[in-house]
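Some notes on the structure that comes next.
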Amino acid sequence: MHVDQPTATTPDTRLNAVDGLRVLAALAVLVFHIAGITGLQYGDGPLAWLLSRGEARVAVFFAISGLLLYRPWVNHLLTAAEPPGTRVYLTRRILRIFPLYWVVAITALVAFNLDAAKTVWDWAEVLLLVYVFDPTPWWPVVQLAPIGLQQMWTLSIDVSFYLLLPLLAAALGRAARAGGASVDTRAKRLLILLAALSLTSFAYMYAVHHPVYTMRMEWWLPRFFPWFAVGMAICVLAVWARADSPGAERVRRWGAEIAANAGTCFLLAAMVFGLAATPLGGPKTPQSLAPDLLPDAFRLVAYAVMAFLIVAPVALQPPGRTWVTVLLGNRAMRWLANLSYGVFAWQIVVVWAYYDISGRAYLDQQFFPVFFVVLAVSVVLAWVTYQLVEKPARGFGKRA
C-alpha cells in the first residue's frame, strides 16, 4: 500500500502530490502506534477517540494502491494504450515489496522472536507474507503478527491485491467491452462493477461474524476491497477525462470542480473521520475479541468516503502548479516519499528496540519524546535501506 509507484502517464505534479499523501499516511501510522504504546489513545476526551481510529490511514494507502496500479489497464481500455504485461508487472511488484521486507522481517525475527519461531515453516510463513492466513499462529493472535512486525498485516493485504489485480482487471475489461460498447459506456460499466464488487465486502463481513466470529479472516483482502475500489474508481475518472468521447467533457468539468475545491473536500474528509471517531463507529477500545458487525460496517463505509475525499482532489489536479501540488509535491515531500515504505517497515522494530534499550515504561502518556526518537531512527534506517536495498531492487525491476 505504501510502496506503489506511479505510472508515467500522469503529469508529474499530480504524481508527486499523490506521493505526498503517502508520506502523510505513513506519519499517521507512526502517530497511531505511538499513541497506543504511550497510552494516549486510552485516555478520555476527543483526542483519545480520534487516535483510537488509526485504521483510517489504511483506507488512504489502499486507495492510492488502487489508483496507481489499476491505471495501465484503464488506459488500455479507455484510450487504446498498450496493454500492460502481467509478467513485468508482477516482477516489479515483487522487487518493490520483498527485498526490504525480508531485511526488516529477518531483523525482527532474530531480535525478538528466536525463542518462539522454532520451525522452518515459522520463518517461511513470515518471509512469504502468508502468516495472516495461519489459523493457529505461533505468536499471540491479538498481536496480528510476530513482535516487531505488527503493522505488516496491511502489506499482506496489499500483496493479495497485487496478485488479484491482473485477473480482476481482465474480467472487468471483458465485461466493460461487451457488445462493442463505447468508451463512455465502458467507463460507466467499470464504475458500476466496482461499486457492485465493493458490496460483496459486506457479505464477507457477515460471514466473518457468523455463525461464530473468525478473527483471522478480518485481515484478508475481501474485508477491505471497498478502499481499493475507491482508488480504482478515481483512476477510471481520471483516465476517462482524457478520453476522446462525448462523456469525457462532463467528467473533465466534474473533476475540475473537485480539484478546485480540494480544501472543502479535505474538510469534509475530516468531518467524516470525526463521525467515525464516535460511538457510531464502535467503542473507543475493543470490549471483546468479537466486535459488533454494524459499527465495523459503518467504519468501512466512512473510511471509503473519507479516502475518496482525500485522494480524488489530489489525483484530479490539473497539470502544472497548484497549491495542492506545491504543498504535497514539493522537494521535501518527494524525498520523504522515497523513504515512506522504509519508515513504515522499520518503525515497530525501532519501537521495541527503543523500549528494550531505554527501559522506558509503557503507557506513560509521554507521546512526543517517543514519537521523535522513533521517527528519527526510522528515517535514518529507511534512508540506509533505500540506498542499499530498495533503490537497487527498483532499478533491477525497471530493466525487467
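Each chain in the C-alpha cells gets a letter, A, B and so on, in the order shown; residues start at 1 in every chain, and ligands are counted from 1 in the order they appear.
Every protein or nucleic acid residue with an atom no more than 7 Å from A:Arg57, counting only C-alpha atoms and leaving out same-chain residues fewer than 4 positions away, appears here: A:Ala25, A:Ala28, A:Val29, A:Phe61.
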Selection to disk with N, CA, C and O atoms, as a PDB file, in the first residue's frame:
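part_16.pdb, freshly written:
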ATOM      1  N   ALA A  25       0.261   9.699   5.202  1.00  0.00           N
ATOM      2  CA  ALA A  25      -0.349   8.472   5.715  1.00  0.00           C
ATOM      3  C   ALA A  25       0.664   7.651   6.503  1.00  0.00           C
ATOM      4  O   ALA A  25       0.327   7.044   7.536  1.00  0.00           O
ATOM      5  N   ALA A  28       0.947   9.126   9.807  1.00  0.00           N
ATOM      6  CA  ALA A  28      -0.245   8.810  10.592  1.00  0.00           C
ATOM      7  C   ALA A  28      -0.144   7.419  11.206  1.00  0.00           C
ATOM      8  O   ALA A  28      -0.611   7.186  12.328  1.00  0.00           O
ATOM      9  N   VAL A  29       0.460   6.479  10.477  1.00  0.00           N
ATOM     10  CA  VAL A  29       0.680   5.137  11.025  1.00  0.00           C
ATOM     11  C   VAL A  29       1.539   5.231  12.281  1.00  0.00           C
ATOM     12  O   VAL A  29       1.235   4.623  13.316  1.00  0.00           O
ATOM     13  N   PHE A  61      -4.023   4.522   2.116  1.00  0.00           N
ATOM     14  CA  PHE A  61      -2.986   3.710   1.473  1.00  0.00           C
ATOM     15  C   PHE A  61      -3.578   2.796   0.399  1.00  0.00           C
ATOM     16  O   PHE A  61      -3.075   2.710  -0.721  1.00  0.00           O
TER      17      PHE A  61
END
Q: Determine, counting only C-alpha atoms, which protein, DNA and RNA residues have an atom within 7 Å of an atom of stretch 332-334 of chain A; residues of the same chain fewer than 5 positions away are not included. Present the result as a count of residues only.
A: 3
Q.
With only C-alpha atoms as the counted atoms, please give the residues lying no more than 12 Å from stretch 369-381 of chain A, apart from itself and same-chain residues fewer than 2 positions off, as a ChimeraX atom specification.
A. /A:23,26-40,100,103-104,335-355,358,360-367,383-390
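Here atom CA of A:Leu165 is placed at a distance of 20.5 Å from atom CA of A:Arg22.
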**Q.** Which of stretch 144-258 of chain A fall in alpha helix (DSSP H), as an MDAnalysis selection string
**A.** chainID A and resid 153:177 183:209 225:240 246:258
Neighbours of stretch 304-314 of chain A within 9 Å (only C-alpha atoms; same-chain residues fewer than 4 positions away dropped), as a short mmCIF file (atom, residue, chain, number, x, y, z; two decimals) with all heavy atoms, in the first residue's frame?
data_model
loop_
_atom_site.label_atom_id
_atom_site.label_comp_id
_atom_site.auth_asym_id
_atom_site.auth_seq_id
_atom_site.Cartn_x
_atom_site.Cartn_y
_atom_site.Cartn_z
N ARG A 14 0.98 15.92 -10.34
CA ARG A 14 -0.05 15.13 -9.67
C ARG A 14 0.54 13.90 -9.03
O ARG A 14 0.15 13.50 -7.93
CB ARG A 14 -1.15 14.76 -10.67
CG ARG A 14 -2.13 15.89 -10.92
CD ARG A 14 -3.23 15.49 -11.86
NE ARG A 14 -2.79 15.49 -13.24
CZ ARG A 14 -3.62 15.28 -14.27
NH1 ARG A 14 -4.89 15.04 -14.05
NH2 ARG A 14 -3.18 15.31 -15.50
N LEU A 15 1.48 13.25 -9.71
CA LEU A 15 2.12 12.07 -9.13
C LEU A 15 2.88 12.43 -7.87
O LEU A 15 2.83 11.71 -6.87
CB LEU A 15 3.08 11.46 -10.15
CG LEU A 15 2.44 10.84 -11.39
CD1 LEU A 15 3.51 10.22 -12.26
CD2 LEU A 15 1.41 9.80 -11.01
N ALA A 17 2.24 14.85 -5.86
CA ALA A 17 1.27 15.16 -4.81
C ALA A 17 0.68 13.89 -4.21
O ALA A 17 0.45 13.81 -3.00
CB ALA A 17 0.17 16.06 -5.37
N VAL A 18 0.42 12.88 -5.04
CA VAL A 18 -0.08 11.60 -4.52
C VAL A 18 0.98 10.97 -3.63
O VAL A 18 0.67 10.40 -2.58
CB VAL A 18 -0.46 10.66 -5.68
CG1 VAL A 18 -0.75 9.25 -5.16
CG2 VAL A 18 -1.68 11.19 -6.42
N LEU A 21 0.73 12.45 -0.28
CA LEU A 21 -0.31 11.83 0.55
C LEU A 21 0.22 10.57 1.24
O LEU A 21 -0.10 10.29 2.39
CB LEU A 21 -1.51 11.44 -0.33
CG LEU A 21 -2.49 12.53 -0.73
CD1 LEU A 21 -3.64 11.92 -1.53
CD2 LEU A 21 -3.02 13.28 0.48
N ALA A 56 -7.98 4.23 9.99
CA ALA A 56 -8.44 5.06 8.87
C ALA A 56 -7.33 5.32 7.87
O ALA A 56 -7.58 5.44 6.66
CB ALA A 56 -9.01 6.38 9.39
N ARG A 57 -6.10 5.41 8.35
CA ARG A 57 -5.00 5.73 7.42
C ARG A 57 -4.80 4.61 6.42
O ARG A 57 -4.30 4.83 5.30
CB ARG A 57 -3.73 6.03 8.21
CG ARG A 57 -2.79 4.84 8.49
CD ARG A 57 -3.25 3.95 9.63
NE ARG A 57 -2.33 2.85 9.89
CZ ARG A 57 -2.64 1.82 10.66
NH1 ARG A 57 -3.82 1.73 11.22
NH2 ARG A 57 -1.76 0.85 10.86
N ALA A 59 -7.11 3.07 4.80
CA ALA A 59 -8.00 3.31 3.67
C ALA A 59 -7.33 4.20 2.63
O ALA A 59 -7.49 3.99 1.42
CB ALA A 59 -9.31 3.95 4.15
N VAL A 60 -6.57 5.19 3.08
CA VAL A 60 -5.87 6.09 2.15
C VAL A 60 -4.79 5.32 1.41
O VAL A 60 -4.64 5.45 0.19
CB VAL A 60 -5.29 7.29 2.90
CG1 VAL A 60 -4.49 8.19 1.96
CG2 VAL A 60 -6.40 8.10 3.56
N PHE A 61 -4.02 4.52 2.12
CA PHE A 61 -2.99 3.71 1.47
C PHE A 61 -3.58 2.80 0.40
O PHE A 61 -3.07 2.71 -0.72
CB PHE A 61 -2.28 2.83 2.51
CG PHE A 61 -1.13 3.50 3.20
CD1 PHE A 61 -0.99 3.42 4.57
CD2 PHE A 61 -0.17 4.20 2.49
CE1 PHE A 61 0.09 4.02 5.22
CE2 PHE A 61 0.91 4.79 3.12
CZ PHE A 61 1.03 4.71 4.49
N PHE A 62 -4.65 2.09 0.74
CA PHE A 62 -5.23 1.15 -0.20
C PHE A 62 -5.84 1.87 -1.40
O PHE A 62 -5.78 1.38 -2.53
CB PHE A 62 -6.29 0.30 0.49
CG PHE A 62 -5.73 -0.73 1.45
CD1 PHE A 62 -6.57 -1.46 2.28
CD2 PHE A 62 -4.37 -0.97 1.53
CE1 PHE A 62 -6.06 -2.41 3.15
CE2 PHE A 62 -3.85 -1.91 2.40
CZ PHE A 62 -4.70 -2.64 3.22
N ALA A 63 -6.45 3.04 -1.17
CA ALA A 63 -6.99 3.81 -2.29
C ALA A 63 -5.88 4.25 -3.23
O ALA A 63 -6.05 4.22 -4.46
CB ALA A 63 -7.77 5.02 -1.77
N ILE A 64 -4.74 4.64 -2.69
CA ILE A 64 -3.61 5.03 -3.53
C ILE A 64 -3.13 3.83 -4.35
O ILE A 64 -2.81 3.95 -5.54
CB ILE A 64 -2.47 5.61 -2.68
CG1 ILE A 64 -2.89 6.96 -2.09
CG2 ILE A 64 -1.19 5.77 -3.50
CD1 ILE A 64 -1.90 7.55 -1.11
N LEU A 67 -5.56 3.34 -7.18
CA LEU A 67 -5.41 4.42 -8.17
C LEU A 67 -4.21 4.19 -9.08
O LEU A 67 -4.32 4.27 -10.31
CB LEU A 67 -5.26 5.76 -7.43
CG LEU A 67 -4.76 6.95 -8.24
CD1 LEU A 67 -5.79 7.38 -9.26
CD2 LEU A 67 -4.40 8.11 -7.31
N PRO A 226 -13.51 -2.37 -0.65
CA PRO A 226 -14.05 -1.04 -0.99
C PRO A 226 -13.00 0.06 -0.98
O PRO A 226 -13.11 1.02 -1.75
CB PRO A 226 -15.12 -0.81 0.09
CG PRO A 226 -15.57 -2.19 0.46
CD PRO A 226 -14.32 -3.03 0.39
N TRP A 227 -11.99 -0.04 -0.15
CA TRP A 227 -10.97 1.01 -0.10
C TRP A 227 -10.08 0.97 -1.34
O TRP A 227 -9.71 2.02 -1.86
CB TRP A 227 -10.14 0.87 1.17
CG TRP A 227 -10.97 0.99 2.43
CD1 TRP A 227 -12.28 1.40 2.51
CD2 TRP A 227 -10.57 0.67 3.75
NE1 TRP A 227 -12.70 1.38 3.82
CE2 TRP A 227 -11.68 0.92 4.61
CE3 TRP A 227 -9.39 0.20 4.32
CZ2 TRP A 227 -11.63 0.73 5.99
CZ3 TRP A 227 -9.34 0.00 5.71
CH2 TRP A 227 -10.44 0.27 6.52
N PHE A 228 -9.75 -0.22 -1.83
CA PHE A 228 -9.04 -0.31 -3.11
C PHE A 228 -9.94 0.17 -4.24
O PHE A 228 -9.48 0.85 -5.17
CB PHE A 228 -8.63 -1.76 -3.38
CG PHE A 228 -7.51 -2.27 -2.52
CD1 PHE A 228 -7.78 -3.08 -1.42
CD2 PHE A 228 -6.19 -1.96 -2.79
CE1 PHE A 228 -6.76 -3.56 -0.62
CE2 PHE A 228 -5.16 -2.43 -2.00
CZ PHE A 228 -5.44 -3.23 -0.90
N ALA A 229 -11.23 -0.19 -4.18
CA ALA A 229 -12.16 0.17 -5.24
C ALA A 229 -12.31 1.69 -5.36
O ALA A 229 -12.53 2.21 -6.46
CB ALA A 229 -13.52 -0.48 -5.00
N VAL A 230 -12.21 2.40 -4.24
CA VAL A 230 -12.26 3.87 -4.29
C VAL A 230 -11.14 4.40 -5.19
O VAL A 230 -11.37 5.23 -6.08
CB VAL A 230 -12.15 4.46 -2.87
CG1 VAL A 230 -11.78 5.95 -2.93
CG2 VAL A 230 -13.46 4.30 -2.12
N GLY A 231 -9.93 3.91 -4.98
CA GLY A 231 -8.81 4.35 -5.82
C GLY A 231 -8.98 3.93 -7.26
O GLY A 231 -8.66 4.69 -8.19
N ILE A 234 -11.43 6.30 -8.87
CA ILE A 234 -10.79 7.60 -9.16
C ILE A 234 -9.92 7.47 -10.40
O ILE A 234 -9.87 8.37 -11.25
CB ILE A 234 -9.96 8.07 -7.95
CG1 ILE A 234 -10.87 8.34 -6.76
CG2 ILE A 234 -9.16 9.32 -8.30
CD1 ILE A 234 -10.11 8.57 -5.46
N CYS A 235 -9.23 6.33 -10.54
CA CYS A 235 -8.41 6.08 -11.72
C CYS A 235 -9.27 6.09 -12.98
O CYS A 235 -8.90 6.69 -13.99
CB CYS A 235 -7.71 4.73 -11.56
SG CYS A 235 -6.78 4.21 -13.00
N ALA A 238 -10.15 9.67 -13.80
CA ALA A 238 -9.00 10.45 -14.30
C ALA A 238 -8.67 10.09 -15.74
O ALA A 238 -8.37 10.97 -16.56
CB ALA A 238 -7.79 10.21 -13.40
N GLY A 255 -14.36 16.72 -12.62
CA GLY A 255 -13.06 16.56 -11.97
C GLY A 255 -12.41 17.88 -11.65
O GLY A 255 -11.77 18.03 -10.59
N ALA A 256 -12.58 18.87 -12.54
CA ALA A 256 -12.03 20.19 -12.29
C ALA A 256 -12.68 20.83 -11.07
O ALA A 256 -12.01 21.52 -10.28
CB ALA A 256 -12.20 21.09 -13.52
N GLU A 257 -13.97 20.60 -10.88
CA GLU A 257 -14.66 21.14 -9.71
C GLU A 257 -14.12 20.51 -8.42
O GLU A 257 -13.90 21.19 -7.42
CB GLU A 257 -16.17 20.89 -9.83
CG GLU A 257 -16.88 21.81 -10.80
CD GLU A 257 -16.87 23.25 -10.33
OE1 GLU A 257 -17.05 23.49 -9.11
OE2 GLU A 257 -16.63 24.13 -11.16
N ILE A 258 -13.92 19.20 -8.46
CA ILE A 258 -13.36 18.52 -7.28
C ILE A 258 -11.97 19.06 -6.97
O ILE A 258 -11.64 19.36 -5.81
CB ILE A 258 -13.31 17.00 -7.52
CG1 ILE A 258 -14.73 16.43 -7.60
CG2 ILE A 258 -12.53 16.30 -6.41
CD1 ILE A 258 -14.77 14.94 -7.90
N ALA A 259 -11.13 19.17 -8.01
CA ALA A 259 -9.76 19.66 -7.80
C ALA A 259 -9.75 21.09 -7.28
O ALA A 259 -8.96 21.44 -6.39
CB ALA A 259 -8.98 19.56 -9.11
N ALA A 260 -10.62 21.94 -7.83
CA ALA A 260 -10.65 23.34 -7.41
C ALA A 260 -11.15 23.51 -5.99
O ALA A 260 -10.84 24.51 -5.33
CB ALA A 260 -11.53 24.14 -8.37
N ASN A 261 -11.93 22.55 -5.51
CA ASN A 261 -12.47 22.62 -4.15
C ASN A 261 -11.80 21.60 -3.24
O ASN A 261 -12.44 21.02 -2.36
CB ASN A 261 -13.98 22.40 -4.18
CG ASN A 261 -14.71 23.54 -4.86
OD1 ASN A 261 -14.94 24.59 -4.25
ND2 ASN A 261 -15.08 23.36 -6.12
N ALA A 262 -10.49 21.41 -3.43
CA ALA A 262 -9.75 20.43 -2.64
C ALA A 262 -9.85 20.73 -1.15
O ALA A 262 -10.01 19.82 -0.32
CB ALA A 262 -8.29 20.39 -3.08
N GLY A 263 -9.76 22.00 -0.78
CA GLY A 263 -9.83 22.36 0.63
C GLY A 263 -11.14 21.93 1.26
O GLY A 263 -11.18 21.40 2.39
N THR A 264 -12.23 22.15 0.55
CA THR A 264 -13.54 21.72 1.04
C THR A 264 -13.61 20.21 1.17
O THR A 264 -14.15 19.68 2.15
CB THR A 264 -14.65 22.22 0.08
OG1 THR A 264 -14.59 23.64 0.00
CG2 THR A 264 -16.02 21.80 0.58
N CYS A 265 -13.06 19.50 0.18
CA CYS A 265 -13.04 18.03 0.24
C CYS A 265 -12.26 17.54 1.46
O CYS A 265 -12.71 16.62 2.16
CB CYS A 265 -12.45 17.46 -1.04
SG CYS A 265 -13.48 17.65 -2.51
N PHE A 266 -11.11 18.15 1.71
CA PHE A 266 -10.31 17.74 2.87
C PHE A 266 -11.06 18.00 4.17
O PHE A 266 -11.00 17.20 5.12
CB PHE A 266 -8.97 18.48 2.88
CG PHE A 266 -8.09 18.17 1.69
CD1 PHE A 266 -7.12 19.09 1.28
CD2 PHE A 266 -8.22 16.99 0.99
CE1 PHE A 266 -6.31 18.83 0.20
CE2 PHE A 266 -7.41 16.71 -0.11
CZ PHE A 266 -6.45 17.63 -0.50
N LEU A 267 -11.76 19.13 4.24
CA LEU A 267 -12.54 19.44 5.44
C LEU A 267 -13.67 18.42 5.62
O LEU A 267 -13.91 17.94 6.75
CB LEU A 267 -13.11 20.85 5.33
CG LEU A 267 -14.00 21.32 6.50
CD1 LEU A 267 -13.21 21.30 7.80
CD2 LEU A 267 -14.55 22.71 6.23
N LEU A 268 -14.34 18.08 4.54
CA LEU A 268 -15.39 17.06 4.62
C LEU A 268 -14.82 15.71 5.04
O LEU A 268 -15.45 14.97 5.81
CB LEU A 268 -16.10 16.94 3.28
CG LEU A 268 -17.00 18.11 2.87
CD1 LEU A 268 -17.50 17.93 1.43
CD2 LEU A 268 -18.18 18.25 3.83
N ALA A 269 -13.63 15.38 4.54
CA ALA A 269 -12.98 14.13 4.94
C ALA A 269 -12.71 14.11 6.44
O ALA A 269 -12.92 13.09 7.11
CB ALA A 269 -11.68 13.94 4.16
N ALA A 270 -12.26 15.25 6.97
CA ALA A 270 -12.01 15.34 8.41
C ALA A 270 -13.31 15.17 9.20
O ALA A 270 -13.32 14.53 10.27
CB ALA A 270 -11.37 16.69 8.74
N MET A 271 -14.39 15.71 8.68
CA MET A 271 -15.68 15.58 9.35
C MET A 271 -16.16 14.13 9.34
O MET A 271 -16.69 13.63 10.34
CB MET A 271 -16.71 16.50 8.69
CG MET A 271 -16.40 17.98 8.86
SD MET A 271 -17.49 19.05 7.89
CE MET A 271 -19.08 18.69 8.65
N VAL A 272 -15.97 13.44 8.21
CA VAL A 272 -16.36 12.03 8.13
C VAL A 272 -15.53 11.20 9.10
O VAL A 272 -16.05 10.32 9.80
CB VAL A 272 -16.21 11.51 6.69
CG1 VAL A 272 -16.42 10.00 6.63
CG2 VAL A 272 -17.19 12.21 5.76
N PHE A 273 -14.23 11.49 9.15
CA PHE A 273 -13.37 10.78 10.11
C PHE A 273 -13.82 11.06 11.54
O PHE A 273 -13.87 10.14 12.38
CB PHE A 273 -11.91 11.22 9.92
CG PHE A 273 -10.98 10.67 10.96
CD1 PHE A 273 -10.69 9.32 11.01
CD2 PHE A 273 -10.41 11.50 11.91
CE1 PHE A 273 -9.84 8.80 11.98
CE2 PHE A 273 -9.55 11.00 12.88
CZ PHE A 273 -9.27 9.65 12.91
N ARG A 299 -17.72 1.95 9.85
CA ARG A 299 -16.36 2.47 9.65
C ARG A 299 -15.85 2.14 8.25
O ARG A 299 -15.15 2.95 7.65
CB ARG A 299 -15.41 1.90 10.70
CG ARG A 299 -15.67 2.39 12.11
CD ARG A 299 -14.46 2.21 13.02
NE ARG A 299 -13.90 0.87 12.96
CZ ARG A 299 -14.34 -0.17 13.65
NH1 ARG A 299 -15.38 -0.03 14.45
NH2 ARG A 299 -13.76 -1.34 13.55
N LEU A 300 -16.20 0.97 7.74
CA LEU A 300 -15.77 0.60 6.39
C LEU A 300 -16.29 1.62 5.37
O LEU A 300 -15.54 2.07 4.51
CB LEU A 300 -16.29 -0.80 6.05
CG LEU A 300 -15.84 -1.38 4.71
CD1 LEU A 300 -14.36 -1.69 4.72
CD2 LEU A 300 -16.64 -2.64 4.37
N VAL A 324 -2.23 22.59 -4.05
CA VAL A 324 -2.21 21.20 -3.60
C VAL A 324 -0.91 20.53 -4.04
O VAL A 324 -0.24 19.85 -3.24
CB VAL A 324 -3.42 20.44 -4.17
CG1 VAL A 324 -3.30 18.94 -3.87
CG2 VAL A 324 -4.72 20.99 -3.58
N THR A 325 -0.52 20.72 -5.30
CA THR A 325 0.70 20.07 -5.78
C THR A 325 1.94 20.68 -5.17
O THR A 325 2.94 19.99 -4.96
CB THR A 325 0.78 20.13 -7.31
OG1 THR A 325 0.74 21.51 -7.74
CG2 THR A 325 -0.38 19.39 -7.95
N LEU A 328 1.93 19.23 -1.41
CA LEU A 328 2.15 17.80 -1.28
C LEU A 328 3.25 17.26 -2.19
O LEU A 328 3.73 16.14 -1.97
CB LEU A 328 0.86 17.04 -1.57
CG LEU A 328 -0.29 17.25 -0.59
CD1 LEU A 328 -1.55 16.55 -1.08
CD2 LEU A 328 0.08 16.78 0.80
#
